[in-house]
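A.B. asks: Dropping in entry.cif, which is mmCIF, C-alpha atoms (C1' of nucleotides):
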```
data_upload
#
loop_
_atom_site.label_atom_id
_atom_site.label_comp_id
_atom_site.auth_asym_id
_atom_site.auth_seq_id
_atom_site.Cartn_x
_atom_site.Cartn_y
_atom_site.Cartn_z
CA MET X 1 26.76 -19.46 -34.62
CA SER X 2 26.12 -22.82 -32.97
CA GLU X 3 23.37 -25.12 -34.20
CA MET X 4 21.12 -27.65 -32.53
CA ARG X 5 23.13 -30.60 -31.24
CA ARG X 6 22.56 -33.69 -33.36
CA GLY X 7 24.62 -36.56 -32.10
CA PRO X 8 25.63 -39.11 -33.19
CA TYR X 9 24.29 -40.88 -30.13
CA PHE X 10 24.65 -44.34 -28.68
CA CYS X 11 21.09 -44.43 -27.45
CA GLY X 12 18.14 -42.38 -26.24
CA ILE X 13 19.60 -41.60 -22.84
CA ASP X 14 22.71 -40.33 -24.55
CA ALA X 15 20.60 -37.96 -26.68
CA ALA X 16 18.51 -36.80 -23.75
CA MET X 17 21.55 -36.17 -21.58
CA ASP X 18 23.15 -34.15 -24.34
CA VAL X 19 20.24 -31.76 -24.23
CA VAL X 20 19.87 -31.55 -20.45
CA ALA X 21 23.58 -31.38 -19.59
CA GLY X 22 24.66 -27.99 -18.32
CA LYS X 23 24.70 -26.74 -14.80
CA TRP X 24 21.35 -24.92 -14.94
CA LYS X 25 19.28 -26.51 -17.67
CA SER X 26 17.20 -28.95 -15.68
CA LEU X 27 16.62 -26.25 -13.09
CA ILE X 28 15.42 -23.82 -15.77
CA LEU X 29 13.10 -26.47 -17.18
CA TRP X 30 11.75 -27.10 -13.73
CA ASP X 31 11.18 -23.45 -12.95
CA LEU X 32 9.43 -22.93 -16.27
CA GLN X 33 7.20 -25.91 -15.61
CA GLU X 34 6.19 -24.51 -12.25
CA HIS X 35 5.58 -20.93 -13.33
CA GLY X 36 4.44 -21.39 -16.91
CA THR X 37 6.01 -18.21 -18.21
CA ARG X 38 8.88 -16.25 -16.77
CA ARG X 39 10.88 -13.16 -17.53
CA PHE X 40 14.66 -13.21 -17.56
CA GLY X 41 14.98 -11.47 -14.23
CA GLU X 42 12.47 -13.75 -12.57
CA LEU X 43 14.41 -16.79 -13.67
CA ARG X 44 17.62 -15.24 -12.44
CA ARG X 45 16.18 -14.55 -9.02
CA GLY X 46 14.69 -18.04 -8.92
CA LEU X 47 18.03 -19.74 -9.51
CA PRO X 48 20.29 -18.51 -6.76
CA GLY X 49 23.90 -18.40 -7.84
CA VAL X 50 23.40 -18.27 -11.58
CA SER X 51 25.22 -15.50 -13.41
CA GLU X 52 23.57 -13.52 -16.18
CA LYS X 53 26.00 -14.90 -18.72
CA MET X 54 25.29 -18.48 -17.74
CA LEU X 55 21.55 -17.96 -17.71
CA THR X 56 21.42 -16.42 -21.18
CA GLN X 57 23.77 -19.07 -22.53
CA GLN X 58 21.74 -21.95 -21.19
CA LEU X 59 18.48 -20.35 -22.32
CA ARG X 60 19.87 -19.86 -25.83
CA GLU X 61 20.89 -23.50 -26.02
CA LEU X 62 17.52 -24.69 -24.75
CA GLU X 63 15.92 -22.48 -27.38
CA GLU X 64 18.14 -23.84 -30.15
CA ASP X 65 17.22 -27.33 -29.09
CA GLY X 66 13.56 -26.46 -29.29
CA LEU X 67 12.74 -26.95 -25.62
CA VAL X 68 12.13 -23.35 -24.67
CA HIS X 69 10.26 -20.58 -26.45
CA ARG X 70 11.50 -17.01 -26.30
CA GLU X 71 9.03 -14.21 -26.75
CA ILE X 72 10.45 -10.73 -27.19
CA TYR X 73 8.30 -7.68 -26.54
CA ARG X 74 9.75 -4.67 -28.33
CA GLN X 75 9.43 -2.27 -25.46
CA VAL X 76 11.56 0.01 -23.40
CA PRO X 77 12.65 -1.24 -20.97
CA PRO X 78 13.05 -4.59 -22.70
CA LYS X 79 10.75 -7.46 -21.86
CA VAL X 80 11.40 -11.08 -22.75
CA GLU X 81 9.32 -14.04 -21.70
CA TYR X 82 10.42 -17.64 -21.62
CA SER X 83 8.16 -20.67 -21.66
CA LEU X 84 8.36 -24.38 -22.36
CA THR X 85 7.58 -25.72 -25.82
CA GLU X 86 5.68 -28.97 -26.10
CA GLU X 87 8.93 -30.81 -26.49
CA GLY X 88 10.36 -29.11 -23.42
CA SER X 89 7.33 -29.98 -21.42
CA SER X 90 7.46 -33.62 -22.52
CA LEU X 91 11.13 -33.70 -21.53
CA ASN X 92 10.16 -32.44 -18.13
CA ALA X 93 7.63 -35.22 -17.81
CA ALA X 94 10.32 -37.73 -18.75
CA LEU X 95 12.54 -36.27 -16.05
CA GLU X 96 9.99 -36.82 -13.32
CA SER X 97 10.95 -40.34 -12.32
CA LEU X 98 14.59 -39.29 -12.33
CA GLY X 99 13.67 -36.45 -10.03
CA ASP X 100 11.90 -38.84 -7.68
CA TRP X 101 14.92 -41.08 -7.63
CA GLY X 102 17.12 -38.09 -6.83
CA THR X 103 14.85 -36.97 -4.03
CA GLU X 104 14.99 -40.45 -2.54
CA ARG X 105 18.76 -40.38 -2.83
CA ILE X 106 19.04 -37.03 -1.10
CA ARG X 107 17.06 -38.52 1.75
CA ARG X 108 19.13 -41.68 1.80
CA ILE X 109 22.55 -40.07 1.84
CA GLY X 110 21.41 -37.10 3.90
CA ALA X 111 22.54 -34.51 1.38
CA THR X 112 21.88 -30.88 2.08
CA LYS X 113 19.40 -28.98 -0.01
CA VAL X 114 19.77 -25.48 -1.33
CA ASP X 115 16.91 -23.36 -0.12
CA VAL X 116 15.41 -21.66 -3.13
CA GLY X 117 12.95 -19.64 -1.09
CA VAL X 118 9.86 -18.56 -3.06
CA MET Y 1 40.94 -39.30 -2.42
CA SER Y 2 37.50 -38.19 -3.55
CA GLU Y 3 34.36 -39.06 -1.63
CA MET Y 4 30.79 -39.65 -2.64
CA ARG Y 5 29.24 -36.48 -4.02
CA ARG Y 6 26.77 -34.99 -1.54
CA GLY Y 7 25.35 -31.79 -2.92
CA PRO Y 8 24.02 -29.41 -1.79
CA TYR Y 9 21.31 -29.83 -4.37
CA PHE Y 10 18.43 -27.70 -5.56
CA CYS Y 11 16.17 -30.67 -6.13
CA GLY Y 12 16.03 -34.36 -7.00
CA ILE Y 13 16.89 -33.93 -10.65
CA ASP Y 14 19.93 -31.96 -9.63
CA ALA Y 15 21.07 -34.81 -7.38
CA ALA Y 16 20.36 -37.46 -9.99
CA MET Y 17 22.17 -35.55 -12.71
CA ASP Y 18 25.19 -35.12 -10.48
CA VAL Y 19 25.52 -38.86 -10.27
CA VAL Y 20 24.82 -39.68 -13.94
CA ALA Y 21 26.86 -36.86 -15.49
CA GLY Y 22 30.01 -38.04 -17.21
CA LYS Y 23 30.49 -39.11 -20.77
CA TRP Y 24 30.14 -42.84 -20.17
CA LYS Y 25 28.17 -43.35 -16.98
CA SER Y 26 24.70 -43.85 -18.37
CA LEU Y 27 26.16 -46.14 -21.02
CA ILE Y 28 27.95 -48.20 -18.38
CA LEU Y 29 24.75 -48.44 -16.35
CA TRP Y 30 22.91 -49.55 -19.46
CA ASP Y 31 25.47 -52.17 -20.40
CA LEU Y 32 25.51 -53.55 -16.86
CA GLN Y 33 21.72 -53.73 -16.87
CA GLU Y 34 21.74 -55.72 -20.10
CA HIS Y 35 24.51 -58.12 -19.20
CA GLY Y 36 24.13 -58.41 -15.46
CA THR Y 37 27.81 -58.81 -14.71
CA ARG Y 38 30.77 -57.72 -16.79
CA ARG Y 39 34.52 -57.78 -16.64
CA PHE Y 40 36.56 -54.66 -17.27
CA GLY Y 41 37.61 -55.74 -20.74
CA GLU Y 42 34.09 -56.69 -21.73
CA LEU Y 43 32.86 -53.23 -20.79
CA ARG Y 44 35.69 -51.63 -22.70
CA ARG Y 45 34.89 -53.57 -25.84
CA GLY Y 46 31.19 -52.84 -25.39
CA LEU Y 47 31.69 -49.07 -25.30
CA PRO Y 48 33.46 -48.20 -28.53
CA GLY Y 49 35.71 -45.21 -28.12
CA VAL Y 50 36.16 -45.30 -24.35
CA SER Y 51 39.72 -45.14 -23.11
CA GLU Y 52 40.93 -47.32 -20.26
CA LYS Y 53 41.56 -44.30 -18.10
CA MET Y 54 38.04 -42.97 -18.60
CA LEU Y 55 36.46 -46.35 -18.02
CA THR Y 56 38.24 -46.93 -14.71
CA GLN Y 57 37.55 -43.38 -13.63
CA GLN Y 58 33.84 -43.56 -14.33
CA LEU Y 59 33.58 -47.00 -12.75
CA ARG Y 60 35.32 -45.76 -9.60
CA GLU Y 61 32.92 -42.85 -9.32
CA LEU Y 62 29.89 -45.06 -9.86
CA GLU Y 63 31.28 -47.34 -7.18
CA GLU Y 64 31.84 -44.46 -4.76
CA ASP Y 65 28.30 -43.34 -5.34
CA GLY Y 66 27.04 -46.82 -4.57
CA LEU Y 67 25.58 -47.58 -7.98
CA VAL Y 68 28.03 -50.25 -9.10
CA HIS Y 69 29.56 -53.14 -7.22
CA ARG Y 70 33.14 -54.15 -7.84
CA GLU Y 71 34.15 -57.73 -7.18
CA ILE Y 72 37.85 -58.51 -7.26
CA TYR Y 73 39.08 -62.05 -7.75
CA ARG Y 74 42.62 -62.39 -6.48
CA GLN Y 75 43.96 -64.31 -9.41
CA VAL Y 76 46.67 -64.09 -11.96
CA PRO Y 77 45.88 -62.76 -14.47
CA PRO Y 78 43.61 -60.33 -12.56
CA LYS Y 79 39.85 -60.65 -12.79
CA VAL Y 80 37.39 -57.99 -11.76
CA GLU Y 81 33.64 -58.11 -12.19
CA TYR Y 82 31.27 -55.17 -12.20
CA SER Y 83 27.55 -55.29 -11.53
CA LEU Y 84 24.72 -52.95 -10.57
CA THR Y 85 23.78 -52.47 -6.95
CA GLU Y 86 20.11 -52.15 -6.09
CA GLU Y 87 20.46 -48.40 -6.14
CA GLY Y 88 22.12 -48.52 -9.54
CA SER Y 89 19.42 -50.70 -10.89
CA SER Y 90 16.68 -48.40 -9.55
CA LEU Y 91 18.46 -45.46 -11.15
CA ASN Y 92 18.41 -47.31 -14.42
CA ALA Y 93 14.68 -47.81 -14.08
CA ALA Y 94 14.26 -44.09 -13.40
CA LEU Y 95 16.23 -43.36 -16.56
CA GLU Y 96 13.90 -45.37 -18.75
CA SER Y 97 11.39 -42.67 -19.58
CA LEU Y 98 14.23 -40.29 -20.28
CA GLY Y 99 15.66 -42.86 -22.67
CA ASP Y 100 12.34 -43.15 -24.44
CA TRP Y 101 12.15 -39.40 -24.79
CA GLY Y 102 15.67 -39.38 -26.24
CA THR Y 103 14.84 -42.12 -28.70
CA GLU Y 104 11.82 -40.13 -29.84
CA ARG Y 105 13.99 -37.07 -30.21
CA ILE Y 106 16.58 -38.90 -32.27
CA ARG Y 107 13.78 -39.92 -34.59
CA ARG Y 108 12.32 -36.42 -34.70
CA ILE Y 109 15.51 -34.54 -35.47
CA GLY Y 110 16.95 -37.35 -37.58
CA ALA Y 111 20.12 -37.68 -35.55
CA THR Y 112 22.59 -40.38 -36.45
CA LYS Y 113 23.15 -43.31 -34.17
CA VAL Y 114 26.46 -44.90 -33.26
CA ASP Y 115 26.41 -48.56 -34.10
CA VAL Y 116 27.50 -50.48 -31.03
CA GLY Y 117 27.46 -53.85 -32.77
CA VAL Y 118 26.95 -56.76 -30.34
"C1'" DT B 1 62.87 -64.78 -25.52
"C1'" DG B 2 59.32 -62.04 -26.56
"C1'" DC B 3 54.58 -61.05 -27.24
"C1'" DG B 4 49.75 -60.69 -25.77
"C1'" DG B 5 46.21 -60.53 -22.35
"C1'" DT B 6 44.56 -59.03 -17.61
"C1'" DA B 7 43.29 -54.60 -15.02
"C1'" DC B 8 44.87 -51.16 -13.93
"C1'" DC B 9 47.98 -46.22 -12.53
"C1'" DC B 10 50.42 -42.02 -13.75
"C1'" DA B 11 51.98 -37.65 -15.96
"C1'" DC B 12 50.93 -34.53 -19.23
"C1'" DC B 13 48.04 -31.70 -22.42
"C1'" DG B 14 44.39 -29.41 -24.95
"C1'" DA B 15 39.53 -28.36 -25.05
"C1'" DA B 16 35.45 -27.13 -23.00
"C1'" DA B 17 32.73 -25.59 -19.27
"C1'" DG B 18 31.89 -22.25 -16.15
"C1'" DG B 19 32.88 -17.90 -13.30
"C1'" DT B 20 33.97 -12.62 -12.91
"C1'" DA B 21 33.66 -8.17 -14.12
"C1'" DA B 22 32.75 -4.75 -17.09
"C1'" DG B 23 30.04 -2.33 -20.75
"C1'" DT B 24 25.42 -1.34 -23.53
"C1'" DG B 25 21.03 1.67 -24.31
"C1'" DC B 26 17.13 3.31 -22.58
"C1'" DC B 27 13.88 4.96 -19.12
"C1'" DA B 28 11.62 5.89 -14.43
"C1'" DG B 29 12.13 7.56 -9.86
"C1'" DG B 30 14.44 10.23 -6.19
"C1'" DC P 1 21.92 14.33 -12.29
"C1'" DC P 2 22.58 9.95 -10.55
"C1'" DT P 3 21.06 5.39 -9.54
"C1'" DG P 4 18.72 1.26 -10.55
"C1'" DG P 5 16.38 -1.98 -13.33
"C1'" DC P 6 15.74 -4.23 -17.77
"C1'" DA P 7 18.07 -7.97 -20.77
"C1'" DC P 8 21.56 -8.75 -22.34
"C1'" DT P 9 27.06 -8.91 -24.62
"C1'" DT P 10 32.03 -9.16 -24.37
"C1'" DA P 11 36.61 -10.21 -22.72
"C1'" DC P 12 39.29 -12.67 -19.77
"C1'" DC P 13 40.51 -16.23 -16.49
"C1'" DT P 14 40.22 -20.58 -13.85
"C1'" DT P 15 38.65 -25.14 -13.24
"C1'" DT P 16 37.26 -29.36 -14.79
"C1'" DC P 17 36.87 -32.90 -18.27
"C1'" DG P 18 38.55 -35.97 -21.27
"C1'" DG P 19 42.32 -37.89 -24.37
"C1'" DT P 20 47.22 -39.81 -25.22
"C1'" DG P 21 50.77 -42.48 -24.26
"C1'" DG P 22 53.56 -44.60 -21.22
"C1'" DG P 23 54.51 -47.97 -17.21
"C1'" DT P 24 53.23 -51.95 -13.86
"C1'" DA P 25 53.16 -57.19 -12.40
"C1'" DC P 26 52.17 -61.51 -13.61
"C1'" DC P 27 51.30 -65.47 -16.53
"C1'" DG P 28 50.63 -68.49 -20.75
"C1'" DC P 29 51.75 -69.48 -25.31
"C1'" DA P 30 54.84 -69.95 -29.31
#
```
Hey, can you dump this file as structure tokens for me?

C.D. replies:
Amino acid sequence: MSEMRRGPYFCGIDAAMDVVAGKWKSLILWDLQEHGTRRFGELRRGLPGVSEKMLTQQLRELEEDGLVHREIYRQVPPKVEYSLTEEGSSLNAALESLGDWGTERIRRIGATKVDVGV
Amino acid sequence: MSEMRRGPYFCGIDAAMDVVAGKWKSLILWDLQEHGTRRFGELRRGLPGVSEKMLTQQLRELEEDGLVHREIYRQVPPKVEYSLTEEGSSLNAALESLGDWGTERIRRIGATKVDVGV
DNA sequence: TGCGGTACCCACCGAAAGGTAAGTGCCAGG
DNA sequence: CCTGGCACTTACCTTTCGGTGGGTACCGCA
């Protein structure tokens, strides 16, 4: 069930937003960029507050949209590794200036930041 | 009711997305960038499919967040003009690379585009 | 007199997004 | 034997988002 989202779109931003929208998606992309490859549990611990359901759901959608690669190791206990595809990594690059703008804004309005720890 | 959104945020992208999320916001920003200043009705006609309720709502939120300026002319019939603030215009600039990425993606996946006319 | 244009507001409703809590199968460690 | 960790799935519920259709006050035009 559920295919890759395909528009129709008004413009490029519209299409990009469609793919990034979702409470955790940009955060997942970010985490994957920083760590290269991550297991499910690592991602979960890296995104404080995310539920398992939400994390799998968002990961599935990112996978369907071709931004994230999912590698399953047939072992017991299960092991699954997530990483960015080329398209995902180029999206991340395109998000950089937006991230800078957001950081500036946080400073400007004095918003609080969630401490992610390490 | 309803104040400027203030986080807490995980990172800059998070903060930026918070402000741009909403079905019409990036489109409004785009339209305002292209035309400089627009009246309510002009915006409505420029965004095919938007309802009046949605348009006012999104404009109010953009205004609260300091991205859009609202100039009221006390006339009959009423006249209201919307334009980008400096912050709104810098956000638009930060969205450019994301827009390019989206345009590329539309091409790649062969998504259909909504014709906005002129 | 009545209609259309201006820029809205309001109540209501259905759909979609997101949260909570539980269950799954298997194994290692205490 | 019981618990915890792995990577999920499922059912259910609440909250938010967005759409529909009405009303407002005023004026100009026919």

A.B. asks: For B:DG25, work out the shell of residues within 12 Å, counting all atoms listed in the file and skipping chain neighbours fewer than 6 positions away, then give it as a list in words.

C.D. replies: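 Neighbouring residues, sequence-local ones excluded: Val76, Pro77 and Pro78 of chain X; DC6, DA7 and DC8 of chain P.
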
A.B. asks: Counting only C-alpha atoms (C1' of nucleotides), which residues of chain B fall within 9 Å of chain Y, and what is the closest atom pair for each with its distance in Å at one decimal, ordered by chain and rising number, as a tab-separated table?

C.D. replies:
```
residue	atom	partner	partner_atom	distance
B:DG5	C1'	Y:Pro77	CA	8.2
B:DT6	C1'	Y:Pro77	CA	5.1
B:DA7	C1'	Y:Pro78	CA	6.2
B:DC8	C1'	Y:Thr56	CA	7.9
B:DC9	C1'	Y:Lys53	CA	8.7
```

A.B. asks: Contacts from chain X to chain Y, 8 Å maximum, only C-alpha atoms: show me the residue list as a count of residues only.

C.D. replies: 37

A.B. asks: Report, in Å with one decimal, the straight-line distance from atom CA of X:Gly88 to atom CA of Y:Ile28.

C.D. replies: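 So the two atoms, atom CA of X:Gly88 and atom CA of Y:Ile28, lie 26.4 Å apart.
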
A.B. asks: Just the residues within 10 Å of B:DA15, please, counting only C-alpha atoms (C1' of nucleotides), with nothing from its chain fewer than 4 positions along; format it as a ChimeraX atom specification.

C.D. replies: /P:17-19

A.B. asks: In terms of the shortest atom-to-atom distance over all atoms listed in the file, which of P:DC27, P:DT20, P:DG5, P:DC12 is closest to chain X?

C.D. replies: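 Among the listed residues, the smallest separation from chain X belongs to P:DG5.
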
A.B. asks: Find the distance between atom CA of X:Tyr82 and atom CA of X:Gln33 and write it in Å to one decimal.

C.D. replies: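 The value is 10.7 Å.
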